[in-house]
Amino acid sequence: MDKLKCPHCERRVFSTKQKLKLSPVFRLKCPECKGLVSVPYTSILAGIPFILSLYYGSIVSPELWGIQIIVGVVIWFYIYNNHVHLIKA
Ligand SMILES: [Zn+2]
């Protein structure tokens, strides 16, 4: 899998797993240029499908709760990985 580009030095140094650990509050340091990297606050919106799956699964359709949560997490990770970009922190 391709590594992700550092927004400071443009070198491909970050893995997808490292990106999943990031939040607007938690940052990583680039191993090449030592620049701090984060994700934008709008990345929180990627979690909306997961929140909806919790609500829908527990209130509307409890018999399918487990499946709906898994679907919510998969959609969350898909949006996060494809539409949330690393930024300079
Ligand atoms: Zn860098």
# chains A, B, ... in the order shown; residues from 1 in each chain; ligands from 1
>>> residues_around(residues="segment 24-36 of chain A", least_positions_apart="6", cutoff="7 Å", atoms="only C-alpha atoms", output="PyMOL selection string")
chain A and resi 6+8-9+88-89
>>> select_by_dssp(residues="chain A", states="alpha helix (DSSP H)", output="VMD selection string")
chain A and resid 16 to 20 48 to 55 65 to 83
>>> residues_around(residues="Val84 of chain A", least_positions_apart="4", cutoff="7 Å", atoms="only C-alpha atoms", output="short mmCIF file (atom, residue, chain, number, x, y, z; two decimals) with C-alpha atoms, in the first residue's frame")
data_model
loop_
_atom_site.label_atom_id
_atom_site.label_comp_id
_atom_site.auth_asym_id
_atom_site.auth_seq_id
_atom_site.Cartn_x
_atom_site.Cartn_y
_atom_site.Cartn_z
CA VAL A 39 -5.95 16.07 10.15
CA SER A 43 -12.40 14.90 9.78
CA TYR A 80 -11.64 8.93 6.50
#
>>> closest_residue(among="A:Leu86, A:Ile51, A:Val13, A:Val60", to="ligand 1", atoms="only C-alpha atoms and all ligand atoms")
A:Val13
>>> select_by_dssp(residues="chain A", states="strand (DSSP E)", output="number ranges by chain")
A: 4-5, 12-14, 28-29, 36-38, 87-88
>>> atom_distance(atom1="atom CA of Lys21 of chain A", atom2="atom CA of Ile59 of chain A")
29.8 Å
>>> residues_around(residues="Phe14 of chain A", least_positions_apart="6", cutoff="7 Å", atoms="only C-alpha atoms", output="MDAnalysis selection string")
chainID A and resid 3:5
>>> closest_residue(among="A:His83, A:Phe50, A:Asp2, A:Ser38", to="Ile67 of chain A", atoms="only C-alpha atoms")
A:Phe50
>>> closest_residue(among="A:Trp65, A:Ser23, A:Val37, A:Ser15", to="ligand 1", atoms="only C-alpha atoms and all ligand atoms")
A:Val37
>>> closest_residue(among="A:Ile75, A:Ser61, A:Ile87, A:Leu45", to="ligand 1", atoms="only C-alpha atoms and all ligand atoms")
A:Ile87
>>> atom_distance(atom1="atom CA of Leu54 of chain A", atom2="atom CA of Asn82 of chain A")
22.4 Å
>>> atom_distance(atom1="atom CA of Tyr56 of chain A", atom2="atom CA of Val71 of chain A")
11.8 Å
